[in-house]
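Before any comments, here is the structure.
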Amino acid sequence: MKSTPPTKRPTDAAHLDDESRSLPTELLNLPWIDGHNHAHTLSWEDRERYALSGCEGMVMVASGYHWTPYKPARAEDVRYLWDDAINRRAAIERNHFFEARLGLGIHTGVRIQNPDELLNAMADYCELDEVVAVGETGVTPSQHVEAWDVDEQRAIVQGQMELAAARDLPVILHTPNTSADGGRSYRPELGTPGYEKNTTLGQPPVLAGENPALESVKLDFEAARDAGLDETRVVASHADENNTEYLMEETDCYLSYTIGHSWLIGIDAEDVANAIDEYGPERIMIDTDCANVLRTDPYAIKRAIFELYRYGIDPESIRRVVLENPRDVYGFAE
């Protein structure tokens, strides 16, 4: 068999060495777990895209003010979100074959009336086998429609962390993202195309200072320590350049980089590769945060698997980040 193609003149192929063709084909079939999404709000076709691209399991987060029609929300509105996710979870798992589990929490993005009612009810919900995480939750500098005092937010976050600590559940922490300014702004009355949220109803920040996003994360970890929650049971979702150094060097939590809507928050596989290079893969994950209120990509993690390799990350580290870490933290079956 000829090693040189019988082309009339040399082509690019003649200049490739054999090493360049030793590609990690195991990445084609590498299963992965999405530790934070809202896939129960997506279409059947979107969930099937997860399955087609190798999703082995996911944590569907049933806390999010986006889906409560009333603002401010009442405890019963949020509990409806929990019940809806519980009601549909088994059918989603049966339809798409991946393991579907739940995260239930009290999101602080909008003020909730009578939140103690939710905390009291949450204890029983956390006993369910399908509930593998508390959250997402965390102190939020700015709220939608009506501001929520930061001390009240912190108390609700700590209350959830106490429940998680008592039941040895991980907490999915919502960390405010500080993506770079994209330049020109859209008309304020139109909002951001691809994100179905009335941004004109945002409230002034309840945290002052130069870096309220990072300060809110620090408050979350104060709450975790007061709650007796082991920091290794915290997954800081929406990690970015603003909080990575603090989270990696001053806490023992896991970082999860949200890459399902990079167009909005500016985080992609390159950021993940940079974090792996600097800190190693042991405490890093990626998630999609896919939801029906914004333009997201169910294929994001599958794409990132290839992109991480192209950026120089070895297959063993990629497997650790997309499969082994979330499997261990959330207790998925091997």
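Here, A, B, ... name the chains of the structure tokens in the order displayed, residue numbers run from 1 inside each chain, and ligands are numbered from 1 in the same displayed order.
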_Among segment 25-253 of chain A, which residues does DSSP mark as strand (DSSP E) when it is run on the backbone? Keep the chain and numbering as in the structure and answer as a PyMOL selection string._
chain A and resi 32-37+55-61+73-74+99-104+112-113+131-137+171-174+234-237
*What's the 12 Å shell around Gly209 of chain A, counting only C-alpha atoms, without same-chain residues fewer than 6 positions away, as a PyMOL selection string?*
chain A and resi 141+215-216
Expected file contents, prior selection, N, CA and C atoms, as a PDB file, in the first residue's frame:
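The result, written out as selection_2.pdb:
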ATOM      1  N   PRO A 141     -27.015  39.979  44.534  1.00  0.00           N
ATOM      2  CA  PRO A 141     -26.943  41.428  44.761  1.00  0.00           C
ATOM      3  C   PRO A 141     -28.174  42.192  44.294  1.00  0.00           C
ATOM      4  N   GLU A 215     -18.570  39.678  46.689  1.00  0.00           N
ATOM      5  CA  GLU A 215     -18.964  39.799  48.093  1.00  0.00           C
ATOM      6  C   GLU A 215     -20.134  38.876  48.411  1.00  0.00           C
ATOM      7  N   SER A 216     -21.055  38.722  47.472  1.00  0.00           N
ATOM      8  CA  SER A 216     -22.192  37.838  47.715  1.00  0.00           C
ATOM      9  C   SER A 216     -21.722  36.386  47.859  1.00  0.00           C
TER      10      SER A 216
END
*Who sits within 8 Å of Val110 of chain A, only C-alpha atoms, same chain under 2 positions skipped, as a ChimeraX atom specification*: /A:65,71-73,107-108,112,143-148
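With distances restricted to only C-alpha atoms, A:Lys218 is the closest residue to Thr140 of chain A from A:Lys218, A:His40, A:Arg295, A:Arg327.
Taking atom CA of Cys253 of chain A as the reference point, atom CA of Ala62 of chain A is found at 21.8 Å.
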Write out, as JSON lines, each residue of segment 68-163 of chain A that has an atom at most 12 Å from segment 45-57 of chain A, together with the closest pair of atoms and their distance in Å to one decimal, counting only C-alpha atoms, rows going by chain and rising number.
{"residue": "A:Arg89", "atom": "CA", "partner": "A:Arg47", "partner_atom": "CA", "distance": 11.9}
{"residue": "A:Ala91", "atom": "CA", "partner": "A:Arg47", "partner_atom": "CA", "distance": 11.7}
{"residue": "A:Ile92", "atom": "CA", "partner": "A:Arg47", "partner_atom": "CA", "distance": 8.1}
{"residue": "A:Glu93", "atom": "CA", "partner": "A:Gly57", "partner_atom": "CA", "distance": 9.1}
{"residue": "A:Arg94", "atom": "CA", "partner": "A:Glu48", "partner_atom": "CA", "distance": 11.5}
{"residue": "A:Asn95", "atom": "CA", "partner": "A:Glu48", "partner_atom": "CA", "distance": 8.4}
{"residue": "A:His96", "atom": "CA", "partner": "A:Glu48", "partner_atom": "CA", "distance": 6.1}
{"residue": "A:Phe97", "atom": "CA", "partner": "A:Ala51", "partner_atom": "CA", "distance": 7.3}
{"residue": "A:Phe98", "atom": "CA", "partner": "A:Glu56", "partner_atom": "CA", "distance": 4.9}
{"residue": "A:Glu99", "atom": "CA", "partner": "A:Gly57", "partner_atom": "CA", "distance": 4.3}
{"residue": "A:Ala100", "atom": "CA", "partner": "A:Gly57", "partner_atom": "CA", "distance": 5.7}
{"residue": "A:Arg101", "atom": "CA", "partner": "A:Gly57", "partner_atom": "CA", "distance": 7.6}
{"residue": "A:Leu102", "atom": "CA", "partner": "A:Gly57", "partner_atom": "CA", "distance": 10.7}
{"residue": "A:Val132", "atom": "CA", "partner": "A:Gly57", "partner_atom": "CA", "distance": 11.8}
Limited to C-alpha atoms, could you put the picked residues into a file as a short mmCIF file (atom, residue, chain, number, x, y, z; two decimals), in the first residue's frame?
data_model
loop_
_atom_site.label_atom_id
_atom_site.label_comp_id
_atom_site.auth_asym_id
_atom_site.auth_seq_id
_atom_site.Cartn_x
_atom_site.Cartn_y
_atom_site.Cartn_z
CA ARG A 89 -39.11 13.59 36.31
CA ALA A 91 -41.48 10.40 32.48
CA ILE A 92 -38.45 12.41 31.33
CA GLU A 93 -36.11 9.66 32.47
CA ARG A 94 -38.26 6.97 30.83
CA ASN A 95 -38.43 8.87 27.54
CA HIS A 96 -34.75 9.70 27.14
CA PHE A 97 -32.91 6.93 29.06
CA PHE A 98 -30.52 9.24 30.97
CA GLU A 99 -30.68 9.37 34.76
CA ALA A 100 -32.73 12.42 35.71
CA ARG A 101 -32.38 13.72 39.26
CA LEU A 102 -33.53 16.92 40.96
CA VAL A 132 -29.79 14.82 45.04
#
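Picture a line from atom CA of Glu117 of chain A to atom CA of Arg79 of chain A; it runs 9.5 Å.
Considering the residues A:Ala75, A:Thr25, A:Phe332, A:Ala291 and counting only C-alpha atoms, Glu196 of chain A has its shortest atom-to-atom contact with A:Ala291.
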As a PDB file with N, CA, C and O atoms, in the first residue's frame, please: the residues near Ser142 of chain A (cut-off 8 Å, only C-alpha atoms, same-chain neighbours under 3 positions excluded).
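Result written to result_29.pdb:
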ATOM      1  N   GLY A 109     -33.365  35.374  43.508  1.00  0.00           N
ATOM      2  CA  GLY A 109     -33.422  36.374  42.446  1.00  0.00           C
ATOM      3  C   GLY A 109     -34.667  37.230  42.474  1.00  0.00           C
ATOM      4  O   GLY A 109     -34.725  38.271  41.819  1.00  0.00           O
ATOM      5  N   ALA A 147     -36.776  44.327  45.769  1.00  0.00           N
ATOM      6  CA  ALA A 147     -35.509  44.015  46.426  1.00  0.00           C
ATOM      7  C   ALA A 147     -35.736  43.166  47.676  1.00  0.00           C
ATOM      8  O   ALA A 147     -36.740  43.310  48.378  1.00  0.00           O
ATOM      9  N   GLY A 202     -35.456  45.106  36.987  1.00  0.00           N
ATOM     10  CA  GLY A 202     -34.371  44.837  37.917  1.00  0.00           C
ATOM     11  C   GLY A 202     -34.253  45.926  38.962  1.00  0.00           C
ATOM     12  O   GLY A 202     -34.481  47.108  38.692  1.00  0.00           O
ATOM     13  N   GLN A 203     -33.902  45.523  40.183  1.00  0.00           N
ATOM     14  CA  GLN A 203     -33.809  46.453  41.298  1.00  0.00           C
ATOM     15  C   GLN A 203     -32.362  46.844  41.584  1.00  0.00           C
ATOM     16  O   GLN A 203     -31.433  46.102  41.245  1.00  0.00           O
ATOM     17  N   PRO A 204     -32.160  48.014  42.190  1.00  0.00           N
ATOM     18  CA  PRO A 204     -30.790  48.414  42.542  1.00  0.00           C
ATOM     19  C   PRO A 204     -30.145  47.380  43.467  1.00  0.00           C
ATOM     20  O   PRO A 204     -30.832  46.735  44.269  1.00  0.00           O
ATOM     21  N   PRO A 205     -28.841  47.204  43.380  1.00  0.00           N
ATOM     22  CA  PRO A 205     -28.165  46.192  44.198  1.00  0.00           C
ATOM     23  C   PRO A 205     -28.350  46.435  45.695  1.00  0.00           C
ATOM     24  O   PRO A 205     -28.341  47.574  46.156  1.00  0.00           O
ATOM     25  N   VAL A 206     -28.521  45.342  46.421  1.00  0.00           N
ATOM     26  CA  VAL A 206     -28.617  45.438  47.883  1.00  0.00           C
ATOM     27  C   VAL A 206     -27.242  45.303  48.518  1.00  0.00           C
ATOM     28  O   VAL A 206     -27.106  45.422  49.736  1.00  0.00           O
ATOM     29  N   LEU A 207     -26.238  45.042  47.695  1.00  0.00           N
ATOM     30  CA  LEU A 207     -24.856  45.011  48.160  1.00  0.00           C
ATOM     31  C   LEU A 207     -24.094  46.132  47.482  1.00  0.00           C
ATOM     32  O   LEU A 207     -24.155  46.286  46.264  1.00  0.00           O
TER      33      LEU A 207
END
_Test item: residues at most 8 Å from Leu169 of chain A, only C-alpha atoms, excluding those fewer than 3 positions along its chain, as a PyMOL selection string_ = chain A and resi 132-134+164-166+233+330
*asked:* Using DSSP assignments from the backbone, pull out every residue in segment 148-238 of chain A that falls under alpha helix (DSSP H) and give it to me as a PyMOL selection string.
replied: chain A and resi 150-167+212-227
